[in-house]
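Dumped final-v7.pdb below, it's PDB, C-alpha atoms, pLDDT in the B column:
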ATOM      1  CA  MET N  87      89.604 177.527 120.894  1.00 72.00           C
ATOM      2  CA  ALA N  88      91.541 175.930 123.716  1.00 74.00           C
ATOM      3  CA  ALA N  89      88.691 176.645 126.134  1.00 75.00           C
ATOM      4  CA  PHE N  90      86.225 174.902 123.832  1.00 77.00           C
ATOM      5  CA  ILE N  91      88.406 171.799 123.570  1.00 77.00           C
ATOM      6  CA  ALA N  92      88.895 171.698 127.338  1.00 73.00           C
ATOM      7  CA  LYS N  93      85.148 172.018 127.900  1.00 75.00           C
ATOM      8  CA  GLN N  94      84.461 169.152 125.501  1.00 75.00           C
ATOM      9  CA  MET N  95      86.966 166.884 127.209  1.00 71.00           C
ATOM     10  CA  VAL N  96      85.624 167.606 130.706  1.00 68.00           C
ATOM     11  CA  GLY N  97      82.015 167.303 129.550  1.00 68.00           C
ATOM     12  CA  ASP N  98      82.573 163.836 128.091  1.00 66.00           C
ATOM     13  CA  GLN N  99      84.231 162.681 131.298  1.00 64.00           C
ATOM     14  CA  LEU N 100      81.312 163.941 133.392  1.00 62.00           C
ATOM     15  CA  LYS N 101      78.840 162.044 131.217  1.00 65.00           C
ATOM     16  CA  SER N 102      80.726 158.805 131.733  1.00 65.00           C
ATOM     17  CA  VAL N 103      80.786 159.372 135.516  1.00 63.00           C
ATOM     18  CA  LYS N 104      77.031 160.007 135.597  1.00 65.00           C
ATOM     19  CA  GLY N 105      76.428 156.775 133.686  1.00 61.00           C
ATOM     20  CA  ALA N 106      78.558 154.792 136.111  1.00 61.00           C
ATOM     21  CA  LEU N 107      76.554 156.056 139.089  1.00 60.00           C
ATOM     22  CA  GLY N 108      73.297 154.698 137.649  1.00 59.00           C
ATOM     23  CA  ASP N 109      71.775 158.089 136.818  1.00 54.00           C
ATOM     24  CA  LYS N 110      70.654 157.038 133.365  1.00 53.00           C
ATOM     25  CA  GLU N 111      67.147 158.343 132.824  1.00 52.00           C
ATOM     26  CA  ASP N 112      66.114 156.332 129.765  1.00 52.00           C
ATOM     27  CA  GLY N 113      66.541 152.908 131.357  1.00 50.00           C
ATOM     28  CA  GLY N 114      65.040 153.693 134.768  1.00 48.00           C
ATOM     29  CA  GLU N 115      61.539 154.418 133.539  1.00 50.00           C
ATOM     30  CA  LYS N 116      61.192 151.180 131.583  1.00 49.00           C
ATOM     31  CA  ALA N 117      62.365 149.120 134.509  1.00 47.00           C
ATOM     32  CA  SER N 118      59.692 150.583 136.777  1.00 50.00           C
ATOM     33  CA  GLU N 119      56.920 149.860 134.230  1.00 54.00           C
ATOM     34  CA  GLU N 120      57.959 146.246 133.743  1.00 63.00           C
ATOM     35  CA  GLY N 121      58.179 145.477 137.445  1.00 72.00           C
ATOM     36  CA  GLU N 122      55.058 147.475 138.264  1.00 80.00           C
ATOM     37  CA  ASP N 123      52.430 146.185 140.654  1.00 89.00           C
ATOM     38  CA  PRO N 124      49.351 144.874 138.769  1.00 91.00           C
ATOM     39  CA  GLU N 125      47.046 146.982 140.939  1.00 93.00           C
ATOM     40  CA  VAL N 126      48.948 150.133 140.040  1.00 93.00           C
ATOM     41  CA  ALA N 127      48.867 149.225 136.355  1.00 93.00           C
ATOM     42  CA  GLU N 128      45.092 148.659 136.543  1.00 94.00           C
ATOM     43  CA  ALA N 129      44.592 151.982 138.335  1.00 94.00           C
ATOM     44  CA  ARG N 130      46.673 153.763 135.690  1.00 95.00           C
ATOM     45  CA  ARG N 131      44.641 152.151 132.905  1.00 95.00           C
ATOM     46  CA  GLU N 132      41.348 153.152 134.555  1.00 96.00           C
ATOM     47  CA  MET N 133      42.554 156.734 134.989  1.00 96.00           C
ATOM     48  CA  GLU N 134      43.507 156.863 131.315  1.00 96.00           C
ATOM     49  CA  GLU N 135      40.035 155.587 130.314  1.00 97.00           C
ATOM     50  CA  LYS N 136      38.378 158.206 132.542  1.00 97.00           C
ATOM     51  CA  ARG N 137      40.505 160.932 131.015  1.00 97.00           C
ATOM     52  CA  LYS N 138      39.610 159.835 127.481  1.00 96.00           C
ATOM     53  CA  GLU N 139      35.904 159.689 128.357  1.00 97.00           C
ATOM     54  CA  LYS N 140      36.069 163.165 129.890  1.00 97.00           C
ATOM     55  CA  HIS N 141      37.677 164.581 126.751  1.00 97.00           C
ATOM     56  CA  ARG N 142      35.148 162.805 124.526  1.00 97.00           C
ATOM     57  CA  LYS N 143      32.278 164.373 126.498  1.00 97.00           C
ATOM     58  CA  MET N 144      33.900 167.802 126.314  1.00 97.00           C
ATOM     59  CA  GLU N 145      34.262 167.483 122.541  1.00 96.00           C
ATOM     60  CA  VAL N 146      30.580 166.510 122.208  1.00 96.00           C
ATOM     61  CA  GLU N 147      29.602 169.606 124.233  1.00 97.00           C
ATOM     62  CA  ARG N 148      31.827 171.800 122.083  1.00 96.00           C
ATOM     63  CA  GLU N 149      30.323 170.397 118.899  1.00 95.00           C
ATOM     64  CA  GLU N 150      26.801 171.104 120.229  1.00 95.00           C
ATOM     65  CA  MET N 151      27.849 174.679 120.984  1.00 95.00           C
ATOM     66  CA  ARG N 152      29.380 175.048 117.524  1.00 93.00           C
ATOM     67  CA  GLN N 153      26.159 173.764 115.955  1.00 94.00           C
ATOM     68  CA  GLN N 154      24.117 176.296 117.953  1.00 95.00           C
ATOM     69  CA  ILE N 155      26.350 179.092 116.675  1.00 94.00           C
ATOM     70  CA  ARG N 156      26.054 177.775 113.096  1.00 92.00           C
ATOM     71  CA  ASP N 157      22.267 177.689 113.407  1.00 94.00           C
ATOM     72  CA  LYS N 158      22.147 181.169 114.931  1.00 94.00           C
ATOM     73  CA  TYR N 159      24.227 182.804 112.202  1.00 93.00           C
ATOM     74  CA  GLY N 160      23.206 180.549 109.309  1.00 91.00           C
ATOM     75  CA  LEU N 161      26.674 179.130 108.725  1.00 89.00           C
ATOM     76  CA  LYS N 162      27.343 175.848 106.996  1.00 87.00           C
ATOM     77  CA  LYS N 163      29.564 173.189 108.489  1.00 83.00           C
ATOM     78  CA  LYS N 164      32.774 172.575 106.589  1.00 81.00           C
ATOM     79  CA  GLU N 165      32.846 169.060 105.246  1.00 80.00           C
ATOM     80  CA  ILE N 166      36.261 167.515 104.841  1.00 75.00           C
ATOM     81  CA  VAL N 167      36.227 165.379 101.722  1.00 67.00           C
ATOM     82  CA  ALA N 168      39.170 163.062 101.339  1.00 59.00           C
ATOM     83  CA  GLU N 169      40.091 162.167  97.785  1.00 59.00           C
ATOM     84  CA  PRO N 170      40.478 158.422  97.303  1.00 56.00           C
ATOM     85  CA  GLU N 171      43.843 158.953  95.606  1.00 54.00           C
ATOM     86  CA  ALA N 172      45.137 161.266  98.326  1.00 53.00           C
ATOM     87  CA  GLU N 173      44.670 158.778 101.173  1.00 58.00           C
ATOM     88  CA  GLY N 174      47.996 157.923 102.707  1.00 60.00           C
ATOM     89  CA  ARG N 175      49.933 160.193 100.349  1.00 61.00           C
ATOM     90  CA  VAL N 176      51.957 163.115 101.511  1.00 68.00           C
ATOM     91  CA  GLY N 177      52.876 164.643  98.160  1.00 72.00           C
ATOM     92  CA  ARG N 178      50.971 165.497  95.039  1.00 73.00           C
ATOM     93  CA  ARG N 179      48.825 163.027  93.121  1.00 75.00           C
ATOM     94  CA  LYS N 180      50.346 160.681  90.563  1.00 79.00           C
ATOM     95  CA  LYS N 181      50.182 161.704  86.940  1.00 80.00           C
ATOM     96  CA  THR N 182      48.190 159.596  84.528  1.00 83.00           C
ATOM     97  CA  PRO N 183      49.941 157.971  81.547  1.00 83.00           C
ATOM     98  CA  ALA N 184      48.243 160.502  79.252  1.00 82.00           C
ATOM     99  CA  GLU N 185      49.634 163.395  81.276  1.00 82.00           C
ATOM    100  CA  LEU N 186      53.112 161.860  81.210  1.00 80.00           C
ATOM    101  CA  ALA N 187      52.934 161.377  77.438  1.00 80.00           C
ATOM    102  CA  ALA N 188      51.801 164.976  76.943  1.00 77.00           C
ATOM    103  CA  GLU N 189      54.657 166.146  79.145  1.00 79.00           C
ATOM    104  CA  ASN N 190      57.197 164.155  77.122  1.00 77.00           C
ATOM    105  CA  ASN N 191      55.966 165.624  73.810  1.00 73.00           C
ATOM    106  CA  PRO N 192      55.560 169.337  74.604  1.00 61.00           C
ATOM    107  CA  ASN N 193      55.879 170.502  70.971  1.00 59.00           C
ATOM    108  CA  ASP N 194      52.849 168.523  69.786  1.00 54.00           C
ATOM    109  CA  SER N 195      50.601 169.638  72.632  1.00 47.00           C
ATOM    110  CA  ASP N 196      51.700 173.288  72.347  1.00 53.00           C
ATOM    111  CA  ASP N 197      50.788 173.393  68.661  1.00 56.00           C
ATOM    112  CA  GLU N 198      47.384 171.879  69.371  1.00 59.00           C
ATOM    113  CA  GLU N 199      46.709 174.299  72.211  1.00 60.00           C
ATOM    114  CA  PHE N 200      47.979 177.216  70.156  1.00 59.00           C
ATOM    115  CA  ALA N 201      45.626 176.303  67.287  1.00 62.00           C
ATOM    116  CA  LYS N 202      42.639 176.661  69.634  1.00 61.00           C
ATOM    117  CA  PHE N 203      43.336 180.364  70.279  1.00 62.00           C
ATOM    118  CA  PRO N 204      41.859 183.109  68.094  1.00 61.00           C
ATOM    119  CA  THR N 205      44.208 184.913  65.674  1.00 65.00           C
ATOM    120  CA  ASN N 206      44.379 188.126  67.707  1.00 70.00           C
ATOM    121  CA  LEU N 207      45.659 186.116  70.632  1.00 70.00           C
ATOM    122  CA  ARG N 208      48.319 184.589  68.392  1.00 71.00           C
ATOM    123  CA  GLU N 209      49.474 188.086  67.462  1.00 77.00           C
ATOM    124  CA  LEU N 210      49.582 189.028  71.121  1.00 77.00           C
ATOM    125  CA  THR N 211      51.747 186.033  72.026  1.00 79.00           C
ATOM    126  CA  SER N 212      54.170 186.843  69.202  1.00 78.00           C
ATOM    127  CA  LYS N 213      54.440 190.427  70.478  1.00 80.00           C
ATOM    128  CA  VAL N 214      55.010 189.190  74.012  1.00 81.00           C
ATOM    129  CA  SER N 215      57.825 186.941  72.791  1.00 82.00           C
ATOM    130  CA  ASP N 216      59.499 190.022  71.209  1.00 83.00           C
ATOM    131  CA  LEU N 217      59.389 191.985  74.467  1.00 84.00           C
ATOM    132  CA  PRO N 218      62.686 190.773  75.997  1.00 84.00           C
ATOM    133  CA  SER N 219      64.717 191.864  72.968  1.00 85.00           C
ATOM    134  CA  LYS N 220      62.965 195.253  72.819  1.00 84.00           C
ATOM    135  CA  LEU N 221      63.463 195.712  76.556  1.00 84.00           C
ATOM    136  CA  ALA N 222      67.171 194.923  76.296  1.00 86.00           C
ATOM    137  CA  ALA N 223      67.541 197.437  73.441  1.00 86.00           C
ATOM    138  CA  GLY N 224      65.741 200.115  75.454  1.00 85.00           C
ATOM    139  CA  VAL N 225      67.925 199.509  78.493  1.00 85.00           C
ATOM    140  CA  GLY N 226      71.025 199.795  76.294  1.00 83.00           C
ATOM    141  CA  GLU N 227      69.886 203.160  74.933  1.00 84.00           C
ATOM    142  CA  VAL N 228      69.150 204.504  78.402  1.00 82.00           C
ATOM    143  CA  THR N 229      72.526 203.413  79.770  1.00 82.00           C
ATOM    144  CA  GLN N 230      74.271 205.134  76.855  1.00 80.00           C
ATOM    145  CA  LYS N 231      72.442 208.404  77.544  1.00 79.00           C
ATOM    146  CA  CYS N 232      72.986 208.242  81.313  1.00 79.00           C
ATOM    147  CA  VAL N 233      76.728 207.665  81.322  1.00 70.00           C
ATOM    148  CA  MET N 234      78.270 209.822  84.038  1.00 64.00           C
ATOM    149  CA  GLN N 235      81.361 211.748  83.074  1.00 57.00           C
TER
END

Would you write out, as structure tokens, the structure that this file holds?
Amino acid sequence: MAAFIAKQMVGDQLKSVKGALGDKEDGGEKASEEGEDPEVAEARREMEEKRKEKHRKMEVEREEMRQQIRDKYGLKKKEIVAEPEAEGRVGRRKKTPAELAAENNPNDSDDEEFAKFPTNLRELTSKVSDLPSKLAAGVGEVTQKCVMQ
């Protein structure tokens, strides 16, 4: 514990010394860009444009190659369809007022949905609802029979 505290104290002191010597990295880069020669800035901009053009051409070539492979094997291109509601949203879509109302009144909607099912399905759901109690009773019987002495 004492070693950790000593290390923290010395480390903080070294950081302050480095800052006093002008070794700050975050400020040095901005200063060089602001005071940069216009010719150098123009050359950098041209190089960036050339790089972007090169990558654009490479992507066009790749897409042509992909299309040749699709044609050869009879594959279809995946189309990305953006939903108008989903644009700019990270989460799920918003619920409509009808969905919110149905969510607030679950008893009414359950009865309506339950009425749509055939009678044999109603019997099945009632049996399924009885399962937890039957399972608990069965587990109780088994634990009584398997008591170790």

query: What gap, in Å, lies between CA of Leu207 in chain N and CA of Lys220 in chain N?
result: 19.7 Å

field: CA of Asn190 in chain N to CA of Thr211 in chain N, distance in Å rounded to a single decimal
entry: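 Taking CA of Asn190 in chain N and CA of Thr211 in chain N, their separation equals 23.1 Å.
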
message: What's the separation between CA of Leu161 in chain N and CA of Val146 in chain N, in Å to one decimal place?
response: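 Interatomic distance, CA of Leu161 in chain N to CA of Val146 in chain N: 18.9 Å.
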